[in-house]
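Down below is the structure, laid out as structure tokens.
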Amino acid sequence: MKVTFTTILQWMVLVVVVVLIFSETAVYVPPLKATRSFTVSFQARPGEVLVQSNLWSSYTGTYRQSVDWANDTSTVRTIYYFYDPDYPTSFSNLNSWYGVPQYLNIVSSNRDLSLSIVVLDATELASLLTNPATAVGSLLVFASGAFPSTVYTASNNLVLPWLQAGGRLVWIGDAIGYYSAQAGQPLSGGDNNPGLNGTESFLGLHDFGSLPAYTVPSMLSSALNLDWLSYSLPSFGLNSSEVSAHNGLVEGNLMNGFTNAALLPVGSGAILDIASPLVVGSEERFAISVVNLIQLGLLYPTTRLVSEANRTVDSDSSVAWNENVVLGGPSTISSWNLCVFTEQVDMTALYGDSSCLSGFPPP
Amino acid sequence: MTSVTVIQNGGDERRMVPEPGPPIDSEHVKLKSPAGSPLGTAKLHAIWAKLPLVLRRVWPALLVGVAIRLILAPISLNTDLMVFAQSSASMLYGQGPYSHPEVYPPFWVFYLNAVGRATALIVPGPLWFSTNTQLQSLYLASSTLTPEYALTTVYVVIEKSSLMLFDLGTAFLLYHIAVRQSGQTAAGVGVFALWFLNPYVIILSSVHGSYDVVPTFCALAAFVLALERLPLVSGLAIASAVLLGVFPIFLVPLLVVVVWKTLRISASGPWKSLLQFVGGLAVPTVAVLAAPDLISSYFSSALVGPSRGTGLYQGFGFWGVFSIPGLKGTDRWLSDLPGTWTLAAFAVVAFAIALVVAFHFLRTAHSESVTGRFWILAVTATTMGVFVIPETFQPQYVVWVLPFVALLTVGNRWFKIIYVLLSAVPALFYFVLAGPFLNFLPLWYNYHLVSFGEIDASVRFWVGIQDITFPAMFIPAFVTTVILAVLTFKELFKGRVSSAGAGGPRR
């Protein structure tokens, strides 16, 4: 049979369709679909706990395992996210501000977490913060860089009492507490802004740095997968020594004695202040770090990281982590809760899994 | 010249007398001799003589076009490619196709999976991306969307190479149609070169890495296959085109009319042909519907977004052609009218044009064939209807109509002018005036060849435009579009549809 152009064209179309349908099958059907399995076992012995974990993957990936004492076992069940496009942003932007909760949902569902993610406008936020009963077990995420005037002005602060009652806050964008944003109006330097005094009242810190970038990862920034965040907020870098002196945890990258993220206790609650702008394209990684914070228990200043280690898993193979964790930790421990958290740290990967063992009293 | 051939139609073989085509020019015969060979030895002459005629005619354009593409592909990059690579990596890591908010239609996502799997054979997924501190600094210094990490060149080359194949496939398809229309191989070579050496087309696949050429090829193939009386494969092609790029959905009514009218002359009647066409449509559609939660996750991913924002998370609204009327569900629908009702407006305009054209076609006595101009004009007019409406316009959309306009240039100088204008505007946008120019060359920057941040600023300063967006750039193209629409309709309705080119058989 003579091969005509029409015959070739038919075959071209058929090849395109077959390749696409085969590729579709590869997304859904094992063994073409990527799979993995993760197991952890704990063996409590006198004075120590042997932690053994194993990860098998059908594809190549880089995984990081962190082990920590998550002494405060109260966990976050609800994330409240402030989003109200009537309000201005500072060192953030509308699209990123909107995008973060989408990723929070995606990361949470990929990890089979029973997290409730609730988006609140400025009015709903005020209702939440006036009810202290909502504080314990809740995380409030602010990614616009400015509190709305419904909850924060020079003379009225609904946020601090809620935190003192046990609420947690993750903040990214301009300096926390600097602005009180009015609906439909750009931010200005008027008297209704608490300014630097507002920032200091939230953080309890007074020494701020002006470093251009934070490029040295800390152990906690790596564990959180926040080590990609090297951006700085002009004039509001956090002094690492001052953070420690306030019983806080340095959770960001480092540079010349300053950090761009730290967890600071506020009454029974805490603020994770990320002194960095939220830039377009970083929403997903920011959301992953927020979920990691919850799974690692790093929203609680008493949590102590024991170790972290990276492993590369080749396709159709497994890697193992073995660790003898000596009991002890902070002197405040009356019971213990040892957690293992493993996550894939490759770009765009969402996988993360944790497993904990609790005991009382210390063996 | 009349001959008897066997035409296959989905296993339904019958003997037909094909339409009288134009005489093939003398050059066509002359080329069967190895005398035209650029090669030196007798052995090479023999090889040359065995090459298909089309290759012996288009080889200069083919080599130049491929060479330029291969040079540009590995050293250029765009943020779209970053998003594509993220999608490929997600599927490589076992996540669903819509595990990241995006609006790409299902078949394009699966295409990206294929590209990702091919890349992973050479570079493991964890090594695809790396943080680039130079780019981070560049990012902070500019307000553009330049990513702060670098992407492996292997992914870039594989993704762009696959697009180049569709460039090439479209070029051969255009050659085939133009030769059939005019009876002159020179016309085929001209259209081949006009497409394959078009700087805009080259930029689109080998610099931008935009996928729009893939559904465009499938849509063009669907019409050609329908006119060649192969309705089953035509259905496969148009369904794939829609699932790859959405916009060809506006061409479906027109294609159905073409299938109906063309196949009325077939022995088995139009109904059987239409059934075959529908069967072809069904295969890719069922494949997509069968995937668990694919459609629902596509819509839940694509419909999110600030009610009137622009940028990454605005749902379908910004890319007007994908917007679904009434589904954005905000309380500001009135102020969002352009975005919310874009698809409805598209549908009304495009389908109205398709129906007018279809009515005109059905009431005429003659049929249509590959050698006619009617279907080209009709597709061009319908796509123009889509172009007129959008809330905004991306430079890659121009390629949807470009192959069809390239065919209309045969023997028509006005369409030649239009073709050049249509190509020049987005090409200028890409390389001279674009605000996010930095996006396109970070790999060059990465290789320390030159600081494109400085060049970008210098060029824009020199041109006197600090920042300009494509919608603004498209104003002259919009005028061009209107002129093109007028030309198309003028030709369409003045009775030239059957006489232009070789013409179809009058019945």
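Residue names in the structure tokens use chain letters A, B, ... in the order shown, residue numbers from 1 in each chain, and ligand numbers from 1 in the order shown.
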Just need the residues of chain B within 6 Å of chain A, counting only C-alpha atoms, so spit them out as a list of chain:residue names.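 On the chain B side, the interface is B:Gln86, B:Tyr93, B:Gly94, B:Phe110, B:Tyr111, B:Ala114, B:Pro126, B:Tyr313.
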Give me the residues near Pro74 of chain B as JSON, numbers by chain, where near means some atom within 10 Å (using only C-alpha atoms) and where sequence neighbours in that chain fewer than 4 positions away do not count. {"B": [69, 70, 152, 153, 154, 155, 156, 157, 158, 160, 161, 206, 207, 443, 444]}
Deliver the residues from the most recent selection as a file, using N, CA and C atoms, as a compact mmCIF listing (two decimals), in the first residue's frame.
```txt
# COMPACT_ATOMS: atom_id res chain seq x y z
N ARG B 69 15.84 26.63 16.21
CA ARG B 69 15.10 26.14 17.38
C ARG B 69 16.02 25.41 18.35
N LEU B 70 16.90 24.59 17.81
CA LEU B 70 17.78 23.83 18.68
C LEU B 70 18.79 24.72 19.41
N THR B 152 16.26 22.32 35.37
CA THR B 152 17.20 21.54 34.58
C THR B 152 16.98 21.75 33.08
N THR B 153 18.08 21.88 32.36
CA THR B 153 18.00 22.11 30.92
C THR B 153 17.39 20.91 30.21
N VAL B 154 17.53 19.72 30.80
CA VAL B 154 17.00 18.51 30.15
C VAL B 154 15.48 18.62 29.99
N TYR B 155 14.82 19.05 31.05
CA TYR B 155 13.35 19.21 30.97
C TYR B 155 13.00 20.25 29.90
N VAL B 156 13.74 21.35 29.94
CA VAL B 156 13.46 22.45 29.01
C VAL B 156 13.57 21.95 27.56
N VAL B 157 14.64 21.19 27.30
CA VAL B 157 14.88 20.74 25.93
C VAL B 157 13.83 19.70 25.51
N ILE B 158 13.51 18.78 26.41
CA ILE B 158 12.52 17.75 26.04
C ILE B 158 11.16 18.38 25.79
N LYS B 160 10.46 21.48 24.93
CA LYS B 160 10.45 22.30 23.72
C LYS B 160 10.61 21.44 22.46
N SER B 161 11.41 20.37 22.56
CA SER B 161 11.60 19.51 21.39
C SER B 161 10.28 18.90 20.96
N SER B 206 10.35 27.37 20.94
CA SER B 206 11.72 27.14 21.40
C SER B 206 12.20 28.13 22.45
N VAL B 207 11.45 29.20 22.70
CA VAL B 207 11.83 30.14 23.77
C VAL B 207 10.76 30.10 24.88
N LEU B 443 18.32 31.41 31.86
CA LEU B 443 19.34 30.38 31.66
C LEU B 443 20.59 31.00 31.06
N TRP B 444 20.41 31.95 30.17
CA TRP B 444 21.57 32.67 29.66
C TRP B 444 22.29 33.36 30.81
```
If we count only C-alpha atoms and set the cut-off at 7 Å, which residues sit around Cys339 of chain A, ignoring sequence neighbours fewer than 3 positions away in its own chain? Please answer as a list of chain:residue names.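 Counting only C-alpha atoms, the residues come to A:Val67, A:Asp68, A:Trp69, A:Ala70, A:Ser354, A:Ser355, A:Cys356, A:Leu357.
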Take the residues from that selection and write them out as a PDB file, in the first residue's frame, keeping N, CA and C atoms.
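Printed below is result.pdb as written:
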```
ATOM      1  N   VAL A  67      13.462  14.382  64.286  1.00  0.00           N
ATOM      2  CA  VAL A  67      12.980  13.783  65.537  1.00  0.00           C
ATOM      3  C   VAL A  67      12.980  14.877  66.587  1.00  0.00           C
ATOM      4  N   ASP A  68      11.867  15.035  67.291  1.00  0.00           N
ATOM      5  CA  ASP A  68      11.847  16.080  68.322  1.00  0.00           C
ATOM      6  C   ASP A  68      11.004  15.681  69.533  1.00  0.00           C
ATOM      7  N   TRP A  69      11.290  16.366  70.620  1.00  0.00           N
ATOM      8  CA  TRP A  69      10.468  16.272  71.814  1.00  0.00           C
ATOM      9  C   TRP A  69       9.365  17.295  71.678  1.00  0.00           C
ATOM     10  N   ALA A  70       8.178  16.849  71.330  1.00  0.00           N
ATOM     11  CA  ALA A  70       7.055  17.770  71.251  1.00  0.00           C
ATOM     12  C   ALA A  70       6.340  17.710  72.589  1.00  0.00           C
ATOM     13  N   SER A 354       3.982  11.913  60.055  1.00  0.00           N
ATOM     14  CA  SER A 354       4.592  11.944  61.381  1.00  0.00           C
ATOM     15  C   SER A 354       4.017  10.830  62.236  1.00  0.00           C
ATOM     16  N   SER A 355       4.808  10.451  63.222  1.00  0.00           N
ATOM     17  CA  SER A 355       4.374   9.408  64.140  1.00  0.00           C
ATOM     18  C   SER A 355       4.982   9.728  65.503  1.00  0.00           C
ATOM     19  N   CYS A 356       4.196   9.571  66.568  1.00  0.00           N
ATOM     20  CA  CYS A 356       4.667   9.963  67.900  1.00  0.00           C
ATOM     21  C   CYS A 356       4.487   8.818  68.897  1.00  0.00           C
ATOM     22  N   LEU A 357       5.294   8.852  69.920  1.00  0.00           N
ATOM     23  CA  LEU A 357       5.143   7.920  71.037  1.00  0.00           C
ATOM     24  C   LEU A 357       5.146   8.749  72.319  1.00  0.00           C
TER      25      LEU A 357
END
```
Running DSSP on the backbone, which parts of segment 145-361 of chain A land in strand (DSSP E), as number ranges by chain? A: 147-148, 168-172, 180-181, 208-209, 237-239, 249-250, 254-255, 258-259, 261-266, 269-274, 304-313, 317-326, 336-344, 352-359
Running DSSP on the backbone, which parts of segment 74-276 of chain A land in helix (DSSP H, G or I), as JSON, numbers by chain? {"A": [94, 95, 96, 97, 98, 99, 100, 101, 102, 103, 104, 105, 106, 107, 108, 109, 110, 122, 123, 124, 125, 126, 127, 128, 129, 132, 133, 134, 159, 160, 161, 162, 163, 164, 195, 196, 197, 198, 199, 200, 201, 202, 203, 219, 220, 221, 222, 223, 240, 241, 242, 243, 244, 245]}
Residue nearest Leu168 of chain B among B:Trp195, B:Ser369, B:Val233, B:Ile47 (counting only C-alpha atoms):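 Among B:Trp195, B:Ser369, B:Val233, B:Ile47, it is B:Trp195 that comes nearest to Leu168 of chain B.
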Excluding Pro301 of chain A and any residue of its chain fewer than 5 positions from it, enumerate the residues within 8 Å of it, using only C-alpha atoms, and give them as a PDB file with C-alpha atoms, in the first residue's frame.
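Saved the output as out05.pdb:
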```pdb
ATOM      1  CA  ASN A 247      12.426  31.910  75.799  1.00  0.00           C
ATOM      2  CA  GLY A 248      11.767  31.917  72.074  1.00  0.00           C
ATOM      3  CA  LEU A 249      12.977  29.603  69.334  1.00  0.00           C
ATOM      4  CA  LEU A 263       8.748  31.718  67.703  1.00  0.00           C
ATOM      5  CA  LEU A 264       8.038  33.954  70.676  1.00  0.00           C
ATOM      6  CA  PRO A 265       5.811  33.042  73.636  1.00  0.00           C
ATOM      7  CA  ALA A 270       2.890  32.153  70.787  1.00  0.00           C
TER       8      ALA A 270
END
```
Need the shell around segment 127-141 of chain A: protein/DNA/RNA residues with any atom at most 8 Å away, counting only C-alpha atoms. Skip same-chain ones fewer than 2 positions apart. Format as a PyMOL selection string? chain A and resi 74-82+123-125+143+151+158-159+161-163+165-171
